[in-house]
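Q: Structure: protein_1.csv, CSV, C-alpha atoms and all ligand atoms.
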```csv
chain,number,residue,atom,x,y,z
H,1,MET,CA,156.7,20.0,-54.1
H,2,GLU,CA,159.3,22.6,-53.1
H,3,LYS,CA,158.5,22.3,-49.4
H,4,PHE,CA,158.6,18.5,-49.5
H,5,ASN,CA,162.1,18.2,-48.1
H,6,ALA,CA,161.5,20.6,-45.2
H,7,ASN,CA,158.1,19.1,-44.3
H,8,ILE,CA,159.6,15.5,-44.3
H,9,ALA,CA,162.6,16.7,-42.3
H,10,GLU,CA,160.2,18.2,-39.7
H,11,ILE,CA,158.2,14.9,-39.5
H,12,LEU,CA,161.4,12.9,-39.2
H,13,GLU,CA,162.6,15.3,-36.5
H,14,VAL,CA,165.9,16.2,-38.2
H,15,ASP,CA,167.2,19.5,-39.7
H,16,LYS,CA,167.5,18.3,-43.3
H,17,VAL,CA,167.1,15.1,-45.3
H,18,GLU,CA,168.9,13.7,-48.4
H,19,MET,CA,167.1,11.8,-51.2
H,20,ASP,CA,168.8,8.6,-50.5
H,21,ASP,CA,168.2,8.6,-46.7
H,22,GLU,CA,166.5,5.4,-45.7
H,23,LEU,CA,163.2,6.1,-44.0
H,24,SER,CA,163.6,3.3,-41.4
H,25,SER,CA,167.0,4.5,-40.4
H,26,PHE,CA,165.6,7.6,-38.7
H,27,GLU,CA,165.4,7.4,-34.9
H,28,CYS,CA,161.8,8.5,-34.7
H,29,TRP,CA,160.6,6.0,-37.4
H,30,ASP,CA,157.5,4.3,-36.2
H,31,SER,CA,153.8,3.8,-37.0
H,32,LEU,CA,153.0,7.4,-35.8
H,33,THR,CA,155.6,8.8,-38.2
H,34,ILE,CA,154.0,6.8,-41.0
H,35,LEU,CA,150.6,8.3,-40.1
H,36,SER,CA,152.2,11.8,-40.2
H,37,ILE,CA,153.5,11.1,-43.7
H,38,ILE,CA,150.0,9.9,-44.8
H,39,ALA,CA,148.5,13.0,-43.3
H,40,LEU,CA,151.0,15.3,-45.1
H,41,SER,CA,150.5,13.7,-48.5
H,42,GLY,CA,146.7,13.8,-48.1
H,43,GLU,CA,146.6,17.5,-47.1
H,44,ASN,CA,149.4,19.0,-49.2
H,45,TYR,CA,149.2,16.8,-52.3
H,46,ASN,CA,145.7,15.3,-52.2
H,47,VAL,CA,147.3,11.9,-52.4
H,48,THR,CA,146.0,9.0,-50.3
H,49,LEU,CA,148.8,6.7,-49.2
H,50,SER,CA,148.7,3.4,-47.3
H,51,ALA,CA,151.2,2.4,-44.6
H,52,ALA,CA,152.4,-0.4,-46.9
H,53,GLU,CA,153.1,2.0,-49.7
H,54,VAL,CA,155.1,4.3,-47.4
H,55,ASN,CA,157.1,1.4,-46.1
H,56,ASN,CA,157.8,0.1,-49.6
H,57,ALA,CA,159.1,3.6,-50.7
H,58,LYS,CA,162.2,2.8,-48.6
H,59,THR,CA,164.0,6.2,-49.0
H,60,VAL,CA,163.1,9.9,-48.8
H,61,GLY,CA,163.5,10.1,-52.6
H,62,GLY,CA,161.3,7.0,-53.1
H,63,LEU,CA,158.6,8.6,-51.0
H,64,LYS,CA,158.8,11.8,-53.1
H,65,GLU,CA,158.5,9.8,-56.3
H,66,LEU,CA,155.6,7.8,-54.9
H,67,ILE,CA,153.6,10.9,-54.1
H,68,LYS,CA,154.5,12.5,-57.5
H,69,SER,CA,153.3,9.4,-59.3
H,70,LYS,CA,150.0,9.5,-57.5
H,71,MET,CA,149.4,13.3,-58.0
H,72,LYS,CA,146.8,14.1,-60.7
R,1,MET,CA,97.3,-17.3,-30.3
R,2,LYS,CA,100.1,-15.0,-31.3
R,3,SER,CA,99.9,-11.5,-29.7
R,4,ASN,CA,100.9,-8.3,-31.5
R,5,PHE,CA,102.9,-7.1,-28.5
R,6,ASN,CA,105.8,-5.2,-29.9
R,7,PRO,CA,107.1,-2.2,-27.9
R,8,PHE,CA,110.0,-1.9,-30.4
R,9,THR,CA,107.8,-1.2,-33.4
R,10,LEU,CA,108.5,2.0,-35.4
R,11,GLU,CA,105.2,1.8,-37.3
R,12,GLY,CA,103.6,5.2,-37.8
R,13,LYS,CA,106.9,7.1,-37.1
R,14,ASN,CA,109.0,9.3,-39.4
R,15,PHE,CA,112.7,9.8,-38.9
R,16,LEU,CA,115.6,11.6,-40.6
R,17,ILE,CA,118.8,9.7,-40.8
R,18,THR,CA,122.1,11.4,-41.8
R,19,GLY,CA,125.0,9.5,-43.3
R,20,ALA,CA,122.4,7.2,-44.9
R,21,ALA,CA,124.3,6.6,-48.1
R,22,SER,CA,126.8,4.1,-46.6
R,23,GLY,CA,128.0,1.9,-43.7
R,24,ILE,CA,126.2,2.3,-40.4
R,25,GLY,CA,123.7,4.9,-41.8
R,26,ARG,CA,122.6,2.6,-44.6
R,27,ALA,CA,122.2,-0.4,-42.3
R,28,THR,CA,120.2,1.8,-39.9
R,29,SER,CA,117.9,3.0,-42.6
R,30,ILE,CA,117.2,-0.6,-43.8
R,31,ILE,CA,116.5,-1.8,-40.2
R,32,LEU,CA,114.3,1.1,-39.3
R,33,SER,CA,112.3,0.7,-42.5
R,34,LYS,CA,111.8,-3.0,-41.7
R,35,LEU,CA,110.5,-1.9,-38.3
R,36,GLY,CA,107.9,0.2,-40.1
R,37,ALA,CA,109.3,3.7,-40.0
R,38,LYS,CA,109.1,6.2,-42.9
R,39,LEU,CA,112.4,7.9,-43.6
R,40,ILE,CA,114.1,11.0,-44.9
R,41,LEU,CA,117.6,9.8,-45.8
R,42,ALA,CA,120.2,12.6,-45.8
R,43,ASP,CA,123.8,12.5,-47.1
R,44,ILE,CA,126.1,14.4,-49.4
R,45,ASN,CA,126.3,11.3,-51.6
R,46,GLN,CA,123.1,11.2,-53.7
R,47,GLU,CA,124.0,8.0,-55.6
R,48,GLY,CA,124.5,6.1,-52.3
R,49,LEU,CA,121.2,7.4,-51.1
R,50,VAL,CA,119.4,6.0,-54.2
R,51,SER,CA,121.0,2.6,-53.5
R,52,THR,CA,119.9,2.7,-49.8
R,53,ILE,CA,116.3,3.6,-50.8
R,54,LYS,CA,116.2,0.5,-53.1
R,55,CYS,CA,116.9,-1.6,-50.0
R,56,CYS,CA,114.2,0.0,-47.8
R,57,ASP,CA,110.9,-1.7,-47.2
R,58,SER,CA,108.9,1.4,-46.4
R,59,GLU,CA,108.5,4.9,-47.9
R,60,ALA,CA,111.9,6.7,-48.0
R,61,ILE,CA,113.0,9.9,-49.7
R,62,SER,CA,116.5,11.3,-50.3
R,63,LEU,CA,117.9,14.6,-49.2
R,64,GLN,CA,121.2,15.6,-50.6
R,65,ILE,CA,122.9,17.9,-48.2
R,66,ASP,CA,126.4,18.9,-47.1
R,67,LEU,CA,126.1,18.8,-43.3
R,68,SER,CA,129.3,20.7,-42.8
R,69,ASP,CA,127.5,23.7,-44.3
R,70,ALA,CA,125.5,24.5,-41.1
R,71,ALA,CA,123.7,27.4,-42.6
R,72,SER,CA,121.9,25.2,-45.1
R,73,ILE,CA,120.7,22.5,-42.7
R,74,LYS,CA,117.5,24.2,-41.4
R,75,ASP,CA,116.1,25.3,-44.8
R,76,LYS,CA,116.8,22.0,-46.5
R,77,ILE,CA,115.1,20.0,-43.7
R,78,PHE,CA,112.2,22.4,-43.5
R,79,LYS,CA,111.5,21.9,-47.2
R,80,ALA,CA,111.9,18.1,-47.0
R,81,VAL,CA,109.6,17.9,-44.0
R,82,SER,CA,106.9,20.1,-45.5
R,83,GLU,CA,106.7,17.6,-48.4
R,84,PHE,CA,107.2,14.4,-46.4
R,85,GLY,CA,105.5,15.0,-43.0
R,86,LYS,CA,106.7,15.9,-39.5
R,87,LEU,CA,109.3,13.9,-37.7
R,88,HIS,CA,109.4,11.8,-34.5
R,89,GLY,CA,113.2,11.7,-34.4
R,90,ILE,CA,116.6,12.4,-35.9
R,91,VAL,CA,119.7,10.2,-36.1
R,92,HIS,CA,123.0,11.9,-36.8
R,93,VAL,CA,125.2,9.1,-38.3
R,94,ALA,CA,127.3,11.1,-40.8
R,95,GLY,CA,130.8,11.6,-39.7
R,96,LYS,CA,134.4,11.5,-40.7
R,97,SER,CA,137.5,10.4,-39.0
R,98,TYR,CA,140.9,12.2,-39.1
R,99,ILE,CA,143.9,10.1,-38.1
R,100,ALA,CA,146.9,12.3,-37.6
R,101,PRO,CA,149.6,12.5,-34.9
R,102,LEU,CA,149.8,15.7,-32.9
R,103,LYS,CA,152.6,17.2,-34.9
R,104,SER,CA,150.5,16.9,-38.1
R,105,VAL,CA,147.2,18.2,-36.7
R,106,THR,CA,146.0,21.5,-38.3
R,107,GLU,CA,143.3,23.8,-37.2
R,108,GLU,CA,141.6,23.7,-40.5
R,109,LYS,CA,141.2,19.9,-40.4
R,110,CYS,CA,140.0,20.1,-36.8
R,111,ARG,CA,137.3,22.5,-37.8
R,112,GLU,CA,136.3,20.4,-40.8
R,113,VAL,CA,135.9,17.3,-38.5
R,114,TYR,CA,134.1,19.3,-35.8
R,115,SER,CA,131.7,20.9,-38.2
R,116,LEU,CA,130.4,17.6,-39.5
R,117,ASN,CA,130.7,15.4,-36.5
R,118,THR,CA,129.8,17.9,-33.8
R,119,TYR,CA,128.2,21.2,-34.9
R,120,ALA,CA,125.9,19.5,-37.4
R,121,ALA,CA,124.5,17.5,-34.4
R,122,ILE,CA,123.6,20.8,-32.7
R,123,GLU,CA,122.1,22.3,-35.8
R,124,LEU,CA,120.1,19.1,-36.5
R,125,ALA,CA,118.7,19.1,-32.9
R,126,LYS,CA,117.8,22.8,-33.2
R,127,THR,CA,116.0,22.2,-36.4
R,128,PHE,CA,114.2,19.1,-35.0
R,129,ILE,CA,112.6,20.9,-32.1
R,130,ASN,CA,111.0,23.5,-34.4
R,131,ARG,CA,107.2,23.1,-34.4
R,132,ASN,CA,107.3,22.9,-38.2
R,133,VAL,CA,109.5,19.7,-37.9
R,134,TYR,CA,108.7,18.0,-34.6
R,135,ALA,CA,105.6,15.9,-34.7
R,136,GLY,CA,105.0,16.4,-31.0
R,137,GLU,CA,104.1,13.9,-28.3
R,138,ARG,CA,107.3,12.0,-28.1
R,139,GLY,CA,110.6,12.6,-29.8
R,140,SER,CA,114.0,10.9,-29.9
R,141,ILE,CA,117.4,12.2,-31.0
R,142,VAL,CA,120.3,9.8,-31.4
R,143,PHE,CA,123.9,10.8,-32.0
R,144,ILE,CA,126.7,8.5,-33.0
R,145,SER,CA,130.0,9.0,-31.2
R,146,SER,CA,132.8,6.4,-30.9
R,147,VAL,CA,134.7,4.4,-28.4
R,148,TYR,CA,137.3,7.1,-29.1
R,149,GLY,CA,135.0,9.6,-27.5
R,150,VAL,CA,135.3,7.4,-24.4
R,151,VAL,CA,138.8,6.1,-24.3
R,152,GLY,CA,142.1,7.5,-25.7
R,153,SER,CA,144.1,6.3,-28.7
R,154,ALA,CA,147.1,7.8,-30.5
R,155,ALA,CA,146.9,10.1,-33.5
R,156,ASN,CA,143.3,10.9,-32.8
R,157,VAL,CA,142.9,14.3,-31.0
R,158,ALA,CA,140.6,15.9,-33.5
R,159,TYR,CA,138.2,12.9,-33.9
R,160,ALA,CA,138.2,12.3,-30.1
R,161,MET,CA,137.4,16.0,-29.5
R,162,SER,CA,134.5,15.8,-32.0
R,163,LYS,CA,133.1,12.6,-30.6
R,164,SER,CA,133.5,13.2,-26.8
R,165,ALA,CA,131.9,16.6,-27.3
R,166,LEU,CA,128.8,14.7,-28.5
R,167,HIS,CA,128.6,13.1,-25.0
R,168,GLY,CA,128.4,16.6,-23.4
R,169,ILE,CA,125.8,17.7,-26.0
R,170,THR,CA,123.7,14.5,-25.4
R,171,LYS,CA,123.5,15.1,-21.6
R,172,SER,CA,122.9,18.8,-21.9
R,173,LEU,CA,120.1,18.4,-24.5
R,174,ALA,CA,118.6,15.5,-22.5
R,175,ILE,CA,117.9,17.9,-19.7
R,176,GLU,CA,116.9,20.9,-21.9
R,177,LEU,CA,114.5,18.9,-24.1
R,178,ALA,CA,112.9,16.6,-21.5
R,179,GLY,CA,110.1,19.2,-21.0
R,180,LYS,CA,109.2,18.7,-24.7
R,181,ASN,CA,109.2,14.9,-24.2
R,182,ILE,CA,112.2,14.7,-26.5
R,183,ARG,CA,114.8,12.1,-25.5
R,184,VAL,CA,118.5,12.5,-26.5
R,185,ASN,CA,120.9,9.6,-26.5
R,186,CYS,CA,124.2,8.7,-28.0
R,187,VAL,CA,125.6,5.3,-29.3
R,188,ALA,CA,129.3,4.9,-29.0
R,189,PRO,CA,130.4,2.2,-31.4
R,190,GLY,CA,133.5,0.1,-31.4
R,191,PHE,CA,135.1,-0.7,-34.8
R,192,VAL,CA,132.5,-1.7,-37.4
R,193,LYS,CA,133.2,-3.1,-40.8
R,194,THR,CA,132.5,-0.1,-43.1
R,195,ASN,CA,134.4,2.0,-45.6
R,196,MET,CA,135.6,4.2,-42.7
R,197,MET,CA,137.2,1.2,-41.0
R,198,ASP,CA,138.8,0.1,-44.3
R,199,SER,CA,140.4,3.4,-44.9
R,200,ALA,CA,141.6,3.6,-41.3
R,201,SER,CA,143.1,0.1,-41.6
R,202,SER,CA,145.1,1.0,-44.7
R,203,MET,CA,147.0,3.5,-42.6
R,204,PHE,CA,148.4,0.8,-40.3
R,205,ASP,CA,150.6,-2.2,-40.9
R,206,SER,CA,149.4,-5.6,-42.0
R,207,ASN,CA,148.8,-7.0,-38.5
R,208,TYR,CA,146.4,-4.2,-37.7
R,209,ALA,CA,143.3,-6.4,-38.3
R,210,GLU,CA,144.6,-8.8,-35.6
R,211,THR,CA,145.2,-5.9,-33.2
R,212,LEU,CA,141.7,-4.6,-33.8
R,213,ASN,CA,140.2,-7.9,-33.2
R,214,LYS,CA,142.0,-8.2,-29.9
R,215,LEU,CA,140.6,-4.8,-28.8
R,216,HIS,CA,137.1,-6.3,-29.1
R,217,PRO,CA,136.4,-9.4,-27.0
R,218,LEU,CA,133.5,-10.2,-29.4
R,219,GLY,CA,135.5,-9.2,-32.5
R,220,VAL,CA,134.8,-6.2,-34.7
R,221,GLY,CA,131.1,-5.3,-35.4
R,222,GLU,CA,128.7,-5.3,-38.3
R,223,PRO,CA,126.8,-2.1,-39.2
R,224,GLU,CA,123.6,-3.9,-38.1
R,225,ASP,CA,124.9,-4.2,-34.6
R,226,ILE,CA,124.8,-0.4,-34.3
R,227,ALA,CA,121.5,-0.1,-36.2
R,228,PHE,CA,119.7,-2.3,-33.7
R,229,SER,CA,120.8,-0.1,-30.8
R,230,ILE,CA,119.6,3.0,-32.7
R,231,ALA,CA,116.2,1.3,-33.4
R,232,TYR,CA,115.8,0.6,-29.7
R,233,LEU,CA,116.6,4.2,-28.7
R,234,LEU,CA,114.1,5.5,-31.3
R,235,SER,CA,111.3,3.2,-30.1
R,236,ASP,CA,108.9,3.7,-27.2
R,237,ALA,CA,110.6,0.8,-25.5
R,238,ALA,CA,113.3,3.3,-24.6
R,239,LYS,CA,110.7,6.0,-23.4
R,240,TRP,CA,112.5,6.3,-20.0
R,241,VAL,CA,116.0,6.5,-21.5
R,242,THR,CA,117.6,9.9,-22.0
R,243,GLY,CA,121.1,11.3,-21.7
R,244,ALA,CA,122.6,7.9,-22.1
R,245,ILE,CA,125.8,7.0,-23.8
R,246,LEU,CA,125.3,3.4,-25.0
R,247,ASN,CA,128.6,1.6,-25.6
R,248,VAL,CA,128.0,-0.9,-28.5
R,249,ASP,CA,131.5,-2.1,-28.9
R,250,GLY,CA,131.9,-5.9,-28.6
R,251,GLY,CA,133.4,-5.3,-25.1
R,252,PHE,CA,136.1,-2.8,-26.2
R,253,THR,CA,135.4,-0.4,-23.2
R,254,ALA,CA,134.7,-3.2,-20.8
R,255,GLN,CA,138.4,-3.9,-20.4
F,301,LIG,N1,133.1,2.3,-38.8
F,301,LIG,C1,133.5,2.4,-37.6
F,301,LIG,O1,134.4,1.6,-37.1
F,301,LIG,C2,133.0,3.4,-36.6
F,301,LIG,C3,133.4,3.4,-35.3
F,301,LIG,C4,132.9,4.3,-34.4
F,301,LIG,C5,132.1,5.3,-34.8
F,301,LIG,N2,131.8,5.4,-36.1
F,301,LIG,C6,130.9,6.5,-36.5
F,301,LIG,O2,129.8,6.1,-37.2
F,301,LIG,C7,129.4,7.0,-38.2
F,301,LIG,C8,129.2,6.3,-39.5
F,301,LIG,O3,130.4,5.8,-39.9
F,301,LIG,P1,130.6,4.7,-41.1
F,301,LIG,O4,131.6,3.7,-40.6
F,301,LIG,O5,129.2,4.2,-41.5
F,301,LIG,O6,131.2,5.6,-42.2
F,301,LIG,P2,131.0,5.7,-43.8
F,301,LIG,O7,132.1,6.5,-44.3
F,301,LIG,O8,130.6,4.4,-44.4
F,301,LIG,O9,129.7,6.7,-43.8
F,301,LIG,C9,129.7,8.0,-43.5
F,301,LIG,C10,128.6,8.7,-44.4
F,301,LIG,O10,128.6,10.1,-44.1
F,301,LIG,C11,128.5,10.8,-45.3
F,301,LIG,N3,129.1,12.2,-45.2
F,301,LIG,C12,130.4,12.5,-45.1
F,301,LIG,N4,130.5,13.8,-45.2
F,301,LIG,C13,129.3,14.3,-45.2
F,301,LIG,C14,128.8,15.7,-45.3
F,301,LIG,N5,129.6,16.7,-45.2
F,301,LIG,N6,127.5,15.9,-45.4
F,301,LIG,C15,126.6,14.8,-45.4
F,301,LIG,N7,127.0,13.5,-45.4
F,301,LIG,C16,128.4,13.3,-45.3
F,301,LIG,C17,129.2,10.0,-46.3
F,301,LIG,O11,128.8,10.3,-47.6
F,301,LIG,C18,128.8,8.6,-45.9
F,301,LIG,O12,127.7,8.1,-46.5
F,301,LIG,C19,130.4,8.1,-38.2
F,301,LIG,O13,130.0,9.2,-37.4
F,301,LIG,C20,131.6,7.5,-37.5
F,301,LIG,O14,132.4,8.4,-36.8
F,301,LIG,C21,132.2,4.5,-37.0
```
Would you mind writing the file out in structure tokens?

A:
Amino acid sequence: MEKFNANIAEILEVDKVEMDDELSSFECWDSLTILSIIALSGENYNVTLSAAEVNNAKTVGGLKELIKSKMK
Amino acid sequence: MKSNFNPFTLEGKNFLITGAASGIGRATSIILSKLGAKLILADINQEGLVSTIKCCDSEAISLQIDLSDAASIKDKIFKAVSEFGKLHGIVHVAGKSYIAPLKSVTEEKCREVYSLNTYAAIELAKTFINRNVYAGERGSIVFISSVYGVVGSAANVAYAMSKSALHGITKSLAIELAGKNIRVNCVAPGFVKTNMMDSASSMFDSNYAETLNKLHPLGVGEPEDIAFSIAYLLSDAAKWVTGAILNVDGGFTAQ
């Protein structure tokens, strides 16, 4: 998952992200951003996420853990 | 005395239905079989095809095929038809959605969606018109697009491309194949309760179901609602209908 931070930063439209950044605090946080995260996890990690799961992950680190936990 | 008048009958006709293992394709197979048609049911999911066949009233055989592998379509259908009998029509229901905002869209995914939703339709039509496949007299080809081939929605460029392209293909082929007495039409469904709708819904928040219902004045649809329109387009009752895009969407695009 080495490119995870860079990919998430690109989706969140910032230069870099920290693990404890709150997802909902990003200016571009909306339903389309959630869809981009779902697309990223599906394509790069073969993990299917729901919007509810992404919202419940709360932070960038939480999201990373969520994807890791669902990777086979 | 009750008359036998039924211009909608499919008795004595053979059709090939793609995507027959689930959702709209399965419902279509069941309805067509109840109307008397014999069917070749094509899908990548063999197990699903077996379950569909169990629900069919008339003769039906399965054809396991990956329709995104265009090179294999002709040979597989030729073989199935040589064992089953020539066809009076083809329905391309198999398809996949790809919900992704513009910044996440990749060429690879676009091609994947295009090859199943769009190019397979061309290859199926090409195979159907072959004299080893087409039973002659009258033929009917039906494609399934989507309201999102007609109107826009966010995070949908690849799917919209694949489905609106079917509208162009429908009209072009309607003209090209009229001389062979083959009609070509397309059904554009609104949201229908199937696995595809369930997986799309999970990508949105909890009030998505309510939002979807509001988009459809008659509420979201059942697979059978689409199946009935396909049955009509395959029947001789539609013998003067070609090049049509039939919106079957509970009023979605009427607004
Ligand atoms: N459900 C909806 O709300 C809705 C709305 C508009 C349009 N549509 C269209 O209706 C069609 C059927 O959708 P559905 O809702 O029944 O979906 P579904 O997912 O239940 O069925 C799709 C079928 O296609 C098959 N398939 C997938 N990839 C394949 C491949 N490479 N080769 C062969 N078969 C393959 C699947 O195995 C499945 O049986 C699709 O073209 C879809 O775009 C659906």

Q: Could you tell me which of H:Asn46, H:Lys16, H:Ile11, H:Leu23 comes closest to chain R if we count all atoms listed in the file?

A: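 Distance minimum relative to chain R lands on H:Ile11.
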
Q: Mind running chain R against chain H at 6 Å and telling me each contacting residue's nearest atom pair with the distance in Å (one decimal), counting all atoms listed in the file, chain and number ascending, as CSV?

A:
```
residue,atom,partner,partner_atom,distance
R:Ala100,CA,H:Ser36,CA,5.9
R:Pro101,CA,H:Ser36,CA,5.9
R:Ser104,CA,H:Ser36,CA,5.8
R:Ser202,CA,H:Ser50,CA,5.0
R:Met203,CA,H:Ala51,CA,4.8
R:Phe204,CA,H:Ala51,CA,5.4
R:Asp205,CA,H:Ala51,CA,5.9
```

Q: What's around Lys171 of chain R at 7 Å? Count all atoms listed in the file, leave out sequence neighbours fewer than 4 positions away in its own chain, and write the answer as a list in words.

A: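 Those residues are His167, Ile175 and Gly243 of chain R.
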
Q: With a distance cut-off of 7 Å and all atoms listed in the file, select the neighbouring residues of Val60 of chain H, excluding the residue or stretch itself and same-chain residues fewer than 6 positions from it, and output the selection as number ranges by chain.

A: H: 18-23

Q: Okay, now the selection with C-alpha atoms, as a CSV table (one decimal), in the frame of the given file?

A:
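In the end it all went to part.csv:
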```
chain,number,residue,atom,x,y,z
H,18,GLU,CA,168.9,13.7,-48.4
H,19,MET,CA,167.1,11.8,-51.2
H,20,ASP,CA,168.8,8.6,-50.5
H,21,ASP,CA,168.2,8.6,-46.7
H,22,GLU,CA,166.5,5.4,-45.7
H,23,LEU,CA,163.2,6.1,-44.0
```

Q: Could you list, as a ChimeraX atom specification, all protein and nucleic acid residues with an atom at most 7 Å from ligand LIG 301 (chain F), counting only C-alpha atoms and all ligand atoms?

A: /R:18-25,42-45,48,65-68,93-97,116-117,144-147,188-197

Q: Mind pulling up the distance from atom CA of Glu210 of chain R to atom CA of Ser25 of chain H?

A: 26.5 Å

Q: Tell me, in Å to one decimal, how far atom CA of Tyr45 of chain H is from atom CA of Lys64 of chain H.

A: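 Computed distance, atom CA of Tyr45 of chain H to atom CA of Lys64 of chain H, equals 10.9 Å.
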
Q: Pick out the residues sitting within 10 Å of Asp225 of chain R, and hand them over as number ranges by chain; count only C-alpha atoms, and ignore anything fewer than 3 positions along from it in its own chain.

A: R: 24, 27-28, 189, 192, 221-222, 228-230, 248-250

Q: Could you check how far atom CA of Glu27 of chain H sits from atom CA of Ser201 of chain R, in Å to one decimal?

A: 24.4 Å

Q: Give me the residues near Glu11 of chain R as a VMD selection string, where near means some atom within 12 Å (using only C-alpha atoms) and where sequence neighbours in that chain fewer than 3 positions away do not count.

A: chain R and resid 6 to 8 14 to 15 32 to 39 57 to 59 88 231 234 to 236
